[in-house]
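Structure first, then comments.
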There are 2 protein chains.
Amino acid sequence: MKEAVYRPIGFVENDFQNPDDPKRIRNSNSVLVLNEKCIPAMEGLERFRYLIVIYHMDKAPGYREKVHPMGDKSIPMRGVLSTRSPCRPSPLGVTVVEVLEVKKNRIKVTGLDALDGSPLPDINPYEERFDSPMGLKWERDSNYRPRDIPYKEAL
Amino acid sequence: MKEAVYRPIGFVENDFQNPDDPKRIRNSNSVLVLNEKCIPAMEGLERFRYLIVIYHMDKAPGYREKVHPMGDKSIPMRGVLSTRSPCRPSPLGVTVVEVLEVKKNRIKVTGLDALDGSPLPDINPYEERFDSPMGLKWERDSNYRPRDIPYKEAL
């Protein structure tokens, strides 16, 4: 399988240099620091309340076929692809975050569980149509018209 | 920014070699064909109803700073990062899909909007805790205990 190469658009800035309680990380704030060249491409982001962040877990310990979900040994081991463990073949993380502020090339968010310095291959506005199981039902319903973009003022 | 390299775990198989109405693509079935070496790592996937698929839009026309969302010229252009356009810096697609069948290294799904042959850097089980805006609220609530894994029989 041919390798794919991505140039990150930025990196994560927060207080967590090492793995910690995921809940604690997610309840803290992080900043998505984008390359300044991306500022024009960011136009419109400030109107979204939620983003989907794709981050590279570059401190992941490497691939393991089976893992205990959430590192919890009371849960039986299973295939790493049926968990969210960082020990996956391509250590990409995906998380929905809430936007607190967008200022120039910096997006302050809460809800991210990435470590400080994690490279960011991509960010997307969260849209229920693509990102929620409900969206699948809507696509099947010919009467469905997508809701307006979830601007902050609309939520 | 340092480049990141991913080795895809598989590719998409469906009837869409060229861009088409996204709704039509999503309402069709696709097969996620994983590398046979991944079969042990897939154990457990069959119990999830929804997956988040990360696919490489390798036929994307290339980076554009501003685009009309969904190619609709009636919507004003805005920064590509505030849209789901494939013309993004790292052309990664993210979509929630419904699992129809898991057989050996083949996962039959519906709801995917990727073209035939798209490489797959990663797949994840859909978990509301990480993948829904509701999850952010739950993480803040110390009384919250994650729901059981959304096995098919539980939905």
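Note on naming: chains are A, B, ... as they come in the structure tokens, residues start from 1 per chain, ligands start from 1 in the order shown.
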
Give me the residues of chain A that have any atom at most 7 Å from an atom of chain B; for each, the nearest atom pair and the distance in Å, rounded to one decimal. Use only C-alpha atoms, sort by chain and number, and format it as JSON lines.
{"residue": "A:Met1", "atom": "CA", "partner": "B:Pro8", "partner_atom": "CA", "distance": 6.4}
{"residue": "A:Lys2", "atom": "CA", "partner": "B:Arg7", "partner_atom": "CA", "distance": 6.7}
{"residue": "A:Glu3", "atom": "CA", "partner": "B:Arg7", "partner_atom": "CA", "distance": 4.6}
{"residue": "A:Ala4", "atom": "CA", "partner": "B:Tyr6", "partner_atom": "CA", "distance": 5.2}
{"residue": "A:Val5", "atom": "CA", "partner": "B:Val5", "partner_atom": "CA", "distance": 4.5}
{"residue": "A:Tyr6", "atom": "CA", "partner": "B:Ala4", "partner_atom": "CA", "distance": 5.2}
{"residue": "A:Arg7", "atom": "CA", "partner": "B:Glu3", "partner_atom": "CA", "distance": 4.6}
{"residue": "A:Pro8", "atom": "CA", "partner": "B:Met1", "partner_atom": "CA", "distance": 6.4}
{"residue": "A:Lys23", "atom": "CA", "partner": "B:Glu139", "partner_atom": "CA", "distance": 6.2}
{"residue": "A:Asn27", "atom": "CA", "partner": "B:Arg140", "partner_atom": "CA", "distance": 6.4}
{"residue": "A:Pro40", "atom": "CA", "partner": "B:Gly79", "partner_atom": "CA", "distance": 6.0}
{"residue": "A:Ala41", "atom": "CA", "partner": "B:Gly79", "partner_atom": "CA", "distance": 3.8}
{"residue": "A:Met42", "atom": "CA", "partner": "B:Gly79", "partner_atom": "CA", "distance": 5.0}
{"residue": "A:Glu43", "atom": "CA", "partner": "B:Gly79", "partner_atom": "CA", "distance": 4.4}
{"residue": "A:Gly44", "atom": "CA", "partner": "B:Ser82", "partner_atom": "CA", "distance": 5.4}
{"residue": "A:Leu45", "atom": "CA", "partner": "B:Ser82", "partner_atom": "CA", "distance": 4.8}
{"residue": "A:Glu65", "atom": "CA", "partner": "B:Ala41", "partner_atom": "CA", "distance": 4.8}
{"residue": "A:Lys66", "atom": "CA", "partner": "B:Ala41", "partner_atom": "CA", "distance": 6.1}
{"residue": "A:Arg78", "atom": "CA", "partner": "B:Glu43", "partner_atom": "CA", "distance": 5.9}
{"residue": "A:Gly79", "atom": "CA", "partner": "B:Ala41", "partner_atom": "CA", "distance": 3.8}
{"residue": "A:Val80", "atom": "CA", "partner": "B:Ala41", "partner_atom": "CA", "distance": 5.1}
{"residue": "A:Leu81", "atom": "CA", "partner": "B:Met42", "partner_atom": "CA", "distance": 5.3}
{"residue": "A:Ser82", "atom": "CA", "partner": "B:Leu45", "partner_atom": "CA", "distance": 4.8}
{"residue": "A:Thr83", "atom": "CA", "partner": "B:Pro125", "partner_atom": "CA", "distance": 6.4}
{"residue": "A:Arg84", "atom": "CA", "partner": "B:Asn124", "partner_atom": "CA", "distance": 6.5}
{"residue": "A:Ser90", "atom": "CA", "partner": "B:Tyr6", "partner_atom": "CA", "distance": 5.8}
{"residue": "A:Thr95", "atom": "CA", "partner": "B:Phe130", "partner_atom": "CA", "distance": 5.5}
{"residue": "A:Val96", "atom": "CA", "partner": "B:Asp131", "partner_atom": "CA", "distance": 5.4}
{"residue": "A:Gly111", "atom": "CA", "partner": "B:Leu136", "partner_atom": "CA", "distance": 5.9}
{"residue": "A:Pro121", "atom": "CA", "partner": "B:Ser90", "partner_atom": "CA", "distance": 6.0}
{"residue": "A:Asp122", "atom": "CA", "partner": "B:Ser90", "partner_atom": "CA", "distance": 6.2}
{"residue": "A:Ile123", "atom": "CA", "partner": "B:Leu81", "partner_atom": "CA", "distance": 6.7}
{"residue": "A:Asn124", "atom": "CA", "partner": "B:Leu81", "partner_atom": "CA", "distance": 6.2}
{"residue": "A:Pro125", "atom": "CA", "partner": "B:Ser82", "partner_atom": "CA", "distance": 5.6}
{"residue": "A:Phe130", "atom": "CA", "partner": "B:Thr95", "partner_atom": "CA", "distance": 5.5}
{"residue": "A:Asp131", "atom": "CA", "partner": "B:Val96", "partner_atom": "CA", "distance": 5.4}
{"residue": "A:Ser132", "atom": "CA", "partner": "B:Val96", "partner_atom": "CA", "distance": 6.4}
{"residue": "A:Pro133", "atom": "CA", "partner": "B:Val96", "partner_atom": "CA", "distance": 6.5}
{"residue": "A:Leu136", "atom": "CA", "partner": "B:Gly111", "partner_atom": "CA", "distance": 5.9}
{"residue": "A:Glu139", "atom": "CA", "partner": "B:Lys23", "partner_atom": "CA", "distance": 6.2}
{"residue": "A:Arg140", "atom": "CA", "partner": "B:Asn27", "partner_atom": "CA", "distance": 6.4}

I need the chosen residues saved as a PDB file, in the first residue's frame, with C-alpha atoms.
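The file below, out-v4.pdb, is the result:
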ATOM      1  CA  MET A   1       0.000   0.000   0.000  1.00  0.00           C
ATOM      2  CA  LYS A   2       1.497   3.314  -1.110  1.00  0.00           C
ATOM      3  CA  GLU A   3       2.488   5.685   1.665  1.00  0.00           C
ATOM      4  CA  ALA A   4       0.667   8.992   1.995  1.00  0.00           C
ATOM      5  CA  VAL A   5       2.449  12.173   3.016  1.00  0.00           C
ATOM      6  CA  TYR A   6       0.759  15.057   4.791  1.00  0.00           C
ATOM      7  CA  ARG A   7       2.102  18.469   5.606  1.00  0.00           C
ATOM      8  CA  PRO A   8       0.539  19.488   8.944  1.00  0.00           C
ATOM      9  CA  LYS A  23     -10.787  13.553  31.097  1.00  0.00           C
ATOM     10  CA  ASN A  27     -11.576  19.543  30.357  1.00  0.00           C
ATOM     11  CA  PRO A  40      -7.029  33.280   4.722  1.00  0.00           C
ATOM     12  CA  ALA A  41      -8.119  29.600   4.573  1.00  0.00           C
ATOM     13  CA  MET A  42      -9.452  29.917   8.156  1.00  0.00           C
ATOM     14  CA  GLU A  43     -12.012  32.575   7.208  1.00  0.00           C
ATOM     15  CA  GLY A  44     -15.434  31.447   8.447  1.00  0.00           C
ATOM     16  CA  LEU A  45     -14.159  29.106  11.160  1.00  0.00           C
ATOM     17  CA  GLU A  65      -2.526  -5.673  17.282  1.00  0.00           C
ATOM     18  CA  LYS A  66      -4.614  -6.054  20.474  1.00  0.00           C
ATOM     19  CA  ARG A  78      -9.490  -6.651  21.478  1.00  0.00           C
ATOM     20  CA  GLY A  79      -8.299  -5.533  18.038  1.00  0.00           C
ATOM     21  CA  VAL A  80      -6.776  -2.047  18.193  1.00  0.00           C
ATOM     22  CA  LEU A  81      -8.928  -0.858  15.256  1.00  0.00           C
ATOM     23  CA  SER A  82     -12.069  -1.440  17.335  1.00  0.00           C
ATOM     24  CA  THR A  83     -10.720   0.901  20.050  1.00  0.00           C
ATOM     25  CA  ARG A  84      -9.476   4.506  20.164  1.00  0.00           C
ATOM     26  CA  SER A  90      -1.625   5.219  11.543  1.00  0.00           C
ATOM     27  CA  THR A  95     -11.992  14.464  18.385  1.00  0.00           C
ATOM     28  CA  VAL A  96     -14.865  16.911  18.409  1.00  0.00           C
ATOM     29  CA  GLY A 111     -12.471  19.100  24.640  1.00  0.00           C
ATOM     30  CA  PRO A 121      -2.970  17.329   9.539  1.00  0.00           C
ATOM     31  CA  ASP A 122      -6.454  18.859   9.265  1.00  0.00           C
ATOM     32  CA  ILE A 123      -9.401  20.517  10.979  1.00  0.00           C
ATOM     33  CA  ASN A 124     -13.031  20.465   9.832  1.00  0.00           C
ATOM     34  CA  PRO A 125     -16.173  22.313  10.873  1.00  0.00           C
ATOM     35  CA  PHE A 130     -21.500  14.151   7.907  1.00  0.00           C
ATOM     36  CA  ASP A 131     -20.521  13.686  11.517  1.00  0.00           C
ATOM     37  CA  SER A 132     -23.522  12.271  13.283  1.00  0.00           C
ATOM     38  CA  PRO A 133     -25.300   8.941  12.806  1.00  0.00           C
ATOM     39  CA  LEU A 136     -27.104   9.035   7.561  1.00  0.00           C
ATOM     40  CA  GLU A 139     -29.368  11.623   3.565  1.00  0.00           C
ATOM     41  CA  ARG A 140     -31.849   8.822   2.913  1.00  0.00           C
TER      42      ARG A 140
END

**Report entry** Filtered DSSP result for region 32-137 of chain A, state alpha helix (DSSP H), as JSON, numbers by chain
**Finding:** {"A": [128, 129, 130, 131, 133, 134, 135, 136, 137]}

Please produce a file of those selected residues containing C-alpha atoms, as a compact mmCIF listing (two decimals), in the first residue's frame.
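Writing done, so here's again.txt:
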# COMPACT_ATOMS: atom_id res chain seq x y z
CA GLU A 128 -24.25 16.93 11.74
CA ARG A 129 -24.91 15.80 8.19
CA PHE A 130 -21.50 14.15 7.91
CA ASP A 131 -20.52 13.69 11.52
CA PRO A 133 -25.30 8.94 12.81
CA MET A 134 -28.42 11.09 12.34
CA GLY A 135 -26.89 12.47 9.16
CA LEU A 136 -27.10 9.04 7.56
CA LYS A 137 -30.83 8.97 8.11

Report task. Grab the CA of Val31 (chain A) to CA of Asn105 (chain A) distance for me, in Å with one decimal place. Result ->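 It comes out at 9.8 Å.
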
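For the atom pair formed by CA of His68 (chain B) and CA of Tyr55 (chain A), the distance is 25.6 Å, given to one decimal.
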
Query raised in the report: CA of Glu36 (chain B) and CA of Gly71 (chain A), how far apart in Å?
Result: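 A separation of 25.5 Å between them.
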
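Across A:Ile75, A:Met57, A:Ile25, A:Val99, the tightest approach to Ser118 (chain A) is made by A:Met57 when counting only C-alpha atoms.
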
**Report entry** region 41-144 of chain A: residues DSSP assigns to strand (DSSP E), reported as a PyMOL selection string
**Finding:** chain A and resi 50-56+66-67+78-79+92-103+106-110+119-120+122-125

Would you save the residues from that selection as a tab-separated table (two decimals), in the first residue's frame, using C-alpha atoms?
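Saved the output as part.tsv:
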chain	number	residue	atom	x	y	z
A	50	TYR	CA	-17.65	22.72	17.07
A	51	LEU	CA	-14.73	21.44	15.02
A	52	ILE	CA	-13.44	17.98	14.24
A	53	VAL	CA	-9.72	17.97	14.85
A	54	ILE	CA	-7.44	15.38	13.24
A	55	TYR	CA	-4.16	15.23	15.12
A	56	HIS	CA	-1.09	13.10	14.79
A	66	LYS	CA	-4.61	-6.05	20.47
A	67	VAL	CA	-5.08	-3.69	23.40
A	78	ARG	CA	-9.49	-6.65	21.48
A	79	GLY	CA	-8.30	-5.53	18.04
A	92	LEU	CA	-4.26	9.65	13.97
A	93	GLY	CA	-6.57	11.03	16.62
A	94	VAL	CA	-10.04	12.41	15.85
A	95	THR	CA	-11.99	14.46	18.39
A	96	VAL	CA	-14.87	16.91	18.41
A	97	VAL	CA	-13.90	20.12	20.20
A	98	GLU	CA	-15.70	23.30	21.16
A	99	VAL	CA	-14.35	26.59	19.84
A	100	LEU	CA	-13.81	29.27	22.50
A	101	GLU	CA	-12.03	31.90	20.41
A	102	VAL	CA	-10.46	32.39	17.00
A	103	LYS	CA	-7.74	35.04	16.83
A	106	ARG	CA	-4.82	30.67	16.89
A	107	ILE	CA	-8.00	28.72	17.72
A	108	LYS	CA	-8.66	28.29	21.43
A	109	VAL	CA	-10.69	25.11	22.06
A	110	THR	CA	-11.84	22.84	24.84
A	119	PRO	CA	0.95	18.04	14.62
A	120	LEU	CA	-2.41	18.82	13.00
A	122	ASP	CA	-6.45	18.86	9.27
A	123	ILE	CA	-9.40	20.52	10.98
A	124	ASN	CA	-13.03	20.46	9.83
A	125	PRO	CA	-16.17	22.31	10.87
